[in-house]
Amino acid sequence: MSSPANSAASGPSEGKPSQQQQPQQQQQQQHQQQQQQQQQPPTSAGDPQRGSPGLTNLPSQADLDKIVASYLQKKGYKATEAIFKKELGGATLSLEELSKELASSGKPISTNVLKYAEEGDPNAYIISYRSLREWIENSLDWYKPELRSVLFPIFVHAYLDLVSKDMHEQAQEFMEAYKDDHIELHMLDINRLETITASEHVRENELAQLYRSNKYNLRMSGVPFELFLNYLQDNKYMLLLRIVNQYLNIQVIHGKLMESAGALDGEDGTIGITGHEAQQIESFNQQPLQLGQPQMDPAFREEVEQALKSQDAARKDGQGDGVSTLLDMYKKVKQEATADGPAFGDIPFPPYRGTDIQAEIDSLNDLRKRVSLGSASLPSICCYTFHNTHDGLNCLSITEDATLIAGGFSESFIKIWSLKGEKLRGLRNTRLNPADINDLNDLNRQKERHGSEYKRLIGHSGPVYGTSFSHDNKYLISCSEDKTARLWSTQTYSNLVVYKGHNYPIWDVSFGPFGYYFATASHDRTARLWSCDHIHPLRIFAGHLSDVDAVRFHPNSKYLVTGSSDRTCRLWDVQRGTCVRVFTGHTGSVKAVAVSPNGRLMASAGEDKSIMLWDLGSGRRLKKMTGHTGFIYSVDFSADSNVLVSGGADGTVRVWDVNKNTPGDMADAGYNDSMDTKRIRLEEPDRNSNNDQLGVFPTKHTPVYKVQFTKRNLCLVAGAFTPPDNPL
């Protein structure tokens with residue numbers, strides 16, 4: 001606290017102890033000035049240092065301390081006086097102790113002193129960056145993508161500042177705490193920055209000098225920029241303001257919000273440092289994947305092959321030797337599908353049952369009877385329209401064999417209909433003792449004699465937003481605004497389990513391709529993996545910046561795909577619980593995702609009315625398909641992965657050619673079964689391909705909620721009829 005003493009010594013009027021002492025001090029000063037002019041050279045006449053030859057008659061340091069103490073006591077600055085006396089006694093105060101002392105006085109503290117003094121606080125960078133990060137995470141979803149683009153350059157320069165000031169422990173703590181926020185988009189830079197651990201490294205490292213000597217270019221809309229600047233100024237984060245002013249060049253675009261986030265739109269060279277790759281997401285997307293089907297249980301495969309051999313023997317007796325055997329076909333299919341798949345046991349599943357063997361044989365028969373689709377042969381489409389829903393129908397799902405369809409309603413219930421025209425029979429007594437049921441015959445005896453056209457499943461306490469059938473049609477999983485997922489039996493039409501874990505509404509749910517596992521997507525920005533026999537989640541997938549709106553399993557059940565309101569999609573490793581791919585490029589929320597049956601491709605769509613096709617192996621976008629005039633609600637691949645079908649709010653079903661206008665290396669990689677389609681290598685990665693559309697099938701006034709292919713390539717479509725606003 002030397003500043004009060006300096007102010008007292010600088011002029012008599014600021015630190016005078018009394019009116020009587022003032023004339024005496026003025027006379028002494030005038031007499032001393034005359035002596036200095038006569039005895040001292042002009043250069044030393046104004047020397048303020050105590051102990052110089054001509055200033056021996058000025059008040060001593062002890063007198064000045066008394067003057068300051070008297071002044072503080074007279075003005076009532078008790079807290080400052082106490083701190084001043086502590087310093088006179090030889091005690092020094094840290095910034096935190098000073099703030100506590102001032103706060104204990106009960107008087108308002110000027111934050112300016114503390115904020116300007118944060119330069120000397122080793123934790124100031126961590127505190128201010130953490131506060132900014134939390135503010136951005138809690139901001140509106142509309143502004144969040146643009147606001148988050150400023151975090152990486154601030155992170156880089158805050159780390160370099162800490163290293164330059166030899167605050168090694170704080171620098172390491174700062175890097176470890178926040179590097180995961182940026183590792184996906186800036187993996188190469190983060191890895192190189194971690195090697196900078198000393199101040200001389202900052203001066204010598206090429207990357208550090210690149211950031212220090214060049215401004216980081218960003219683009220932001222007017223409103224987010226004003227919010228960002230006002231936040232820093234209102235909280236007086238001077239360290240961050242200095243970094244923004246010195247190292248950032250933010251181009252403000254006035255008008256409506258930018259279509260894509262500043263940090264994710266650097267392909268035109270306007271984002272980041274000129275000449276330096278701003279988005280290094282390709283490096284992150286190079287992690288190895290196993291995209292093939294999982295290796296089969298040897299005992300299970302042996303039993304399937306034995307059953308096929310018996311069927312082949314029966315067919316030969318009736319049709320001769322010229323018929324291709326089911327066993328040879330099965331071996332060929334499995335050899336191709338499991339070429340690069342995960343090992344057996346990598347993903348734990350319950351032991352197989354006899355019904356699984358028959359399901360495997362039925363799947364092979366479906367493959368033999370599958371219709372080949374392409375530009376010359378469009379799929380047959382069967383559309384189911386729901387009337388009189390009064391905007392209460394939120395979601396629809398259909399079983400793989402097209403026997404049942406389920407809808408989730410805003411009135412908190414689920415309805416299930418039979419697509420075969422059969423009556424649905426539930427249990428006569430809901431308080432049935434499970435010990436009385438030993439086989440299927442016992443169960444049938446407990447069912448109603450006369451069924452009904454539909455069954456209503458009641459249990460949720462909020463609107464139902466998602467439903468999904470298991471692969472064997474025995475179970476239905478649903479999710480709701482009430483933060484729970486529920487498992488239902490399609491044989492008894494009763495609720496079996498309630499799964500709790502999410503903190504906010506759940507938007508989507510999806511059963512795994514082999515049953516047993518299912519996944520949920522929620523407003524709490526996470527997706528979660530569950531198993532039917534555990535009421536708590538097995539994995540929590542956190543990383544999205546906003547709501548997770550859609551979730552689907554990879555065909556081998558080792559990976560999970562999510563779409564989010566943060567305009568990105570992610571591929572997650574189910575076993576490790578980590579993100580292995582990030583897909584950026586959408587300009588709106590992603591509401592629908594689908595993975596091709598061969599496991600190589602992924603399609604995403606949503607509010608930007610466009611469909612993007614991605615290569616899962618490289619993480620690159622293959623093409624963008626436009627044509628819809630409304631939000632897209634659902635997409636699905638054909639069984640042979642050659643055709644994609646989409647449906648949305650514009651009331652149309654559109655069929656797209658997957659192979660056309662994709663980079664030529666897809667053919668070399670063998671990602672598609674048919675090689676006769678002409679492939680065009682794209683010169684521009686952002687080229688929009690409208691000529692991929694094979695057909696448009698409009699409805700009258702039915703937004704399409706669900707599109708789905710059967711294993712034989714029949715396309716099933718479902719939606720709720722919406723009467724026109726002005727009927728004729």
# chains A, B, ... in the order shown; residues from 1 in each chain; ligands from 1
call {"tool": "residues_around", "arguments": {"residues": "region 224-233 of chain A", "least_positions_apart": "6", "cutoff": "8 Å", "atoms": "only C-alpha atoms", "output": "PyMOL selection string"}}
result
chain A and resi 143+146-147+240-241+252
call {"tool": "residues_around", "arguments": {"residues": "region 532-548 of chain A", "least_positions_apart": "5", "cutoff": "6 Å", "atoms": "only C-alpha atoms", "output": "PyMOL selection string"}}
result
chain A and resi 499+516+521-523+525-527+563-566
call {"tool": "residues_around", "arguments": {"residues": "Tyr475 (chain A)", "least_positions_apart": "6", "cutoff": "12 Å", "atoms": "only C-alpha atoms", "output": "list in words"}}
result
Thr399, Leu404, Ala406, Ile416, Thr467, Ser468, Phe469, Arg486, Leu487, Trp488, Ser489, Thr490, Gln491, Thr492, Tyr493, Ser494, Asn495, Leu496, Val497, Ser510, Phe511, Gly512, Gly515, Tyr516, Tyr517, Phe518 and Cys532 of chain A
call {"tool": "residues_around", "arguments": {"residues": "Thr568 (chain A)", "least_positions_apart": "2", "cutoff": "12 Å", "atoms": "only C-alpha atoms", "output": "PyMOL selection string"}}
result
chain A and resi 145+260-261+264+543-550+561-566+570-571+581-593+604-606+612
call {"tool": "write_last_selection", "arguments": {"atoms": "C-alpha atoms", "output": "compact mmCIF listing (two decimals), in the first residue's frame"}}
result
# COMPACT_ATOMS: atom_id res chain seq x y z
CA PRO A 145 -21.97 -22.11 -32.14
CA SER A 260 -22.91 -22.07 -39.77
CA ALA A 261 -20.68 -21.65 -36.79
CA LEU A 264 -16.74 -24.86 -38.32
CA GLY A 543 -19.71 -33.99 -26.01
CA HIS A 544 -22.53 -32.35 -27.93
CA LEU A 545 -23.06 -28.65 -27.23
CA SER A 546 -26.84 -28.79 -27.40
CA ASP A 547 -29.76 -31.24 -27.40
CA VAL A 548 -29.12 -34.69 -28.83
CA ASP A 549 -32.12 -35.11 -31.14
CA ALA A 550 -31.50 -38.44 -32.90
CA VAL A 561 -24.47 -42.35 -34.23
CA THR A 562 -26.05 -39.19 -32.78
CA GLY A 563 -27.44 -36.01 -34.35
CA SER A 564 -27.71 -32.79 -32.39
CA SER A 565 -29.08 -29.26 -32.37
CA ASP A 566 -25.45 -28.08 -32.36
CA ARG A 570 -20.94 -37.88 -33.86
CA LEU A 571 -19.91 -41.52 -33.94
CA ARG A 581 -15.81 -39.30 -35.46
CA VAL A 582 -17.24 -35.78 -35.73
CA PHE A 583 -19.25 -34.74 -38.79
CA THR A 584 -19.69 -31.00 -39.38
CA GLY A 585 -21.38 -29.13 -42.21
CA HIS A 586 -25.09 -28.86 -41.44
CA THR A 587 -26.54 -25.37 -41.04
CA GLY A 588 -29.43 -26.45 -38.81
CA SER A 589 -30.35 -28.99 -36.17
CA VAL A 590 -29.84 -32.62 -37.18
CA LYS A 591 -33.15 -34.45 -36.66
CA ALA A 592 -32.55 -37.74 -38.49
CA VAL A 593 -29.58 -40.09 -38.91
CA SER A 604 -27.95 -37.16 -41.77
CA ALA A 605 -30.70 -34.60 -42.30
CA GLY A 606 -32.77 -32.05 -40.41
CA MET A 612 -25.59 -35.25 -46.24
call {"tool": "select_by_dssp", "arguments": {"residues": "region 238-428 of chain A", "states": "alpha helix (DSSP H)", "output": "ChimeraX atom specification"}}
result
/A:238-247,281-284,298-319,326-337,354-368
call {"tool": "atom_distance", "arguments": {"atom1": "CA of Glu137 (chain A)", "atom2": "CA of Asp524 (chain A)"}}
result
12.0 Å
call {"tool": "residues_around", "arguments": {"residues": "Val658 (chain A)", "least_positions_apart": "6", "cutoff": "7 Å", "atoms": "only C-alpha atoms", "output": "number ranges by chain"}}
result
A: 642-644
call {"tool": "atom_distance", "arguments": {"atom1": "CA of Asn441 (chain A)", "atom2": "CA of Arg425 (chain A)"}}
result
14.0 Å
call {"tool": "select_by_dssp", "arguments": {"residues": "region 487-697 of chain A", "states": "strand (DSSP E or B)", "output": "ChimeraX atom specification"}}
result
/A:487-489,494-500,506-511,517-522,526-531,539-542,548-553,559-564,568-573,578-584,590-595,601-606,610-615,621-626,632-637,643-648,652-657,688,693-697
call {"tool": "atom_distance", "arguments": {"atom1": "CA of Ile632 (chain A)", "atom2": "CA of Gly651 (chain A)"}}
result
9.8 Å
call {"tool": "closest_residue", "arguments": {"among": "A:Asp725, A:Asp312, A:Asp366, A:Asp692", "to": "Met625 (chain A)", "atoms": "only C-alpha atoms"}}
result
A:Asp692
call {"tool": "closest_residue", "arguments": {"among": "A:Ala485, A:Cys395, A:Ile347, A:Ala313", "to": "Arg576 (chain A)", "atoms": "only C-alpha atoms"}}
result
A:Ile347
call {"tool": "residues_around", "arguments": {"residues": "region 295-297 of chain A", "least_positions_apart": "4", "cutoff": "9 Å", "atoms": "only C-alpha atoms", "output": "PyMOL selection string"}}
result
chain A and resi 301-302+334+338-339+341-345+352
call {"tool": "residues_around", "arguments": {"residues": "Leu88 (chain A)", "least_positions_apart": "4", "cutoff": "9 Å", "atoms": "only C-alpha atoms", "output": "PyMOL selection string"}}
result
chain A and resi 65+83-84
call {"tool": "write_last_selection", "arguments": {"atoms": "N, CA, C and O atoms", "output": "CSV table (one decimal), in the first residue's frame"}}
result
chain,number,residue,atom,x,y,z
A,65,ASP,N,4.2,8.3,7.3
A,65,ASP,CA,3.4,7.2,7.6
A,65,ASP,C,2.3,7.6,8.6
A,65,ASP,O,1.1,7.2,8.5
A,83,ILE,N,-5.2,-2.5,7.0
A,83,ILE,CA,-4.2,-3.1,6.0
A,83,ILE,C,-2.9,-2.3,6.0
A,83,ILE,O,-1.8,-2.9,6.0
A,84,PHE,N,-3.0,-1.0,6.0
A,84,PHE,CA,-1.9,-0.1,6.0
A,84,PHE,C,-1.0,-0.4,7.2
A,84,PHE,O,0.3,-0.4,7.1
call {"tool": "decode", "arguments": {"residues": "region 534-548 of chain A", "atoms": "N, CA and C atoms", "output": "PDB file, in the first residue's frame"}}
result
ATOM      1  N   HIS A 534     -30.698 -53.818 -16.947  1.00  0.00           N
ATOM      2  CA  HIS A 534     -30.159 -52.861 -15.978  1.00  0.00           C
ATOM      3  C   HIS A 534     -30.999 -51.585 -16.029  1.00  0.00           C
ATOM      4  N   ILE A 535     -31.379 -51.096 -14.855  1.00  0.00           N
ATOM      5  CA  ILE A 535     -32.245 -49.915 -14.834  1.00  0.00           C
ATOM      6  C   ILE A 535     -31.440 -48.622 -14.904  1.00  0.00           C
ATOM      7  N   HIS A 536     -30.101 -48.718 -14.828  1.00  0.00           N
ATOM      8  CA  HIS A 536     -29.246 -47.535 -14.917  1.00  0.00           C
ATOM      9  C   HIS A 536     -28.403 -47.617 -16.190  1.00  0.00           C
ATOM     10  N   PRO A 537     -28.002 -46.474 -16.752  1.00  0.00           N
ATOM     11  CA  PRO A 537     -27.251 -46.495 -18.017  1.00  0.00           C
ATOM     12  C   PRO A 537     -25.871 -47.127 -17.856  1.00  0.00           C
ATOM     13  N   LEU A 538     -25.426 -47.796 -18.919  1.00  0.00           N
ATOM     14  CA  LEU A 538     -24.094 -48.401 -18.939  1.00  0.00           C
ATOM     15  C   LEU A 538     -23.034 -47.413 -19.401  1.00  0.00           C
ATOM     16  N   ARG A 539     -23.387 -46.516 -20.302  1.00  0.00           N
ATOM     17  CA  ARG A 539     -22.459 -45.504 -20.815  1.00  0.00           C
ATOM     18  C   ARG A 539     -23.200 -44.177 -20.961  1.00  0.00           C
ATOM     19  N   ILE A 540     -22.465 -43.099 -20.747  1.00  0.00           N
ATOM     20  CA  ILE A 540     -22.993 -41.757 -20.991  1.00  0.00           C
ATOM     21  C   ILE A 540     -22.085 -41.101 -22.024  1.00  0.00           C
ATOM     22  N   PHE A 541     -22.649 -40.718 -23.149  1.00  0.00           N
ATOM     23  CA  PHE A 541     -21.881 -40.115 -24.244  1.00  0.00           C
ATOM     24  C   PHE A 541     -22.074 -38.598 -24.196  1.00  0.00           C
ATOM     25  N   ALA A 542     -21.090 -37.887 -23.676  1.00  0.00           N
ATOM     26  CA  ALA A 542     -21.161 -36.434 -23.512  1.00  0.00           C
ATOM     27  C   ALA A 542     -20.161 -35.767 -24.436  1.00  0.00           C
ATOM     28  N   GLY A 543     -20.578 -34.704 -25.089  1.00  0.00           N
ATOM     29  CA  GLY A 543     -19.705 -33.987 -26.014  1.00  0.00           C
ATOM     30  C   GLY A 543     -20.457 -33.014 -26.890  1.00  0.00           C
ATOM     31  N   HIS A 544     -21.733 -33.279 -27.133  1.00  0.00           N
ATOM     32  CA  HIS A 544     -22.532 -32.350 -27.926  1.00  0.00           C
ATOM     33  C   HIS A 544     -22.750 -31.053 -27.141  1.00  0.00           C
ATOM     34  N   LEU A 545     -22.890 -29.957 -27.860  1.00  0.00           N
ATOM     35  CA  LEU A 545     -23.055 -28.646 -27.229  1.00  0.00           C
ATOM     36  C   LEU A 545     -24.512 -28.283 -27.009  1.00  0.00           C
ATOM     37  N   SER A 546     -25.414 -29.083 -27.546  1.00  0.00           N
ATOM     38  CA  SER A 546     -26.838 -28.793 -27.397  1.00  0.00           C
ATOM     39  C   SER A 546     -27.596 -30.117 -27.364  1.00  0.00           C
ATOM     40  N   ASP A 547     -28.928 -30.038 -27.478  1.00  0.00           N
ATOM     41  CA  ASP A 547     -29.764 -31.240 -27.399  1.00  0.00           C
ATOM     42  C   ASP A 547     -29.288 -32.316 -28.372  1.00  0.00           C
ATOM     43  N   VAL A 548     -29.319 -33.562 -27.925  1.00  0.00           N
ATOM     44  CA  VAL A 548     -29.116 -34.695 -28.829  1.00  0.00           C
ATOM     45  C   VAL A 548     -30.496 -35.113 -29.303  1.00  0.00           C
TER      46      VAL A 548
END
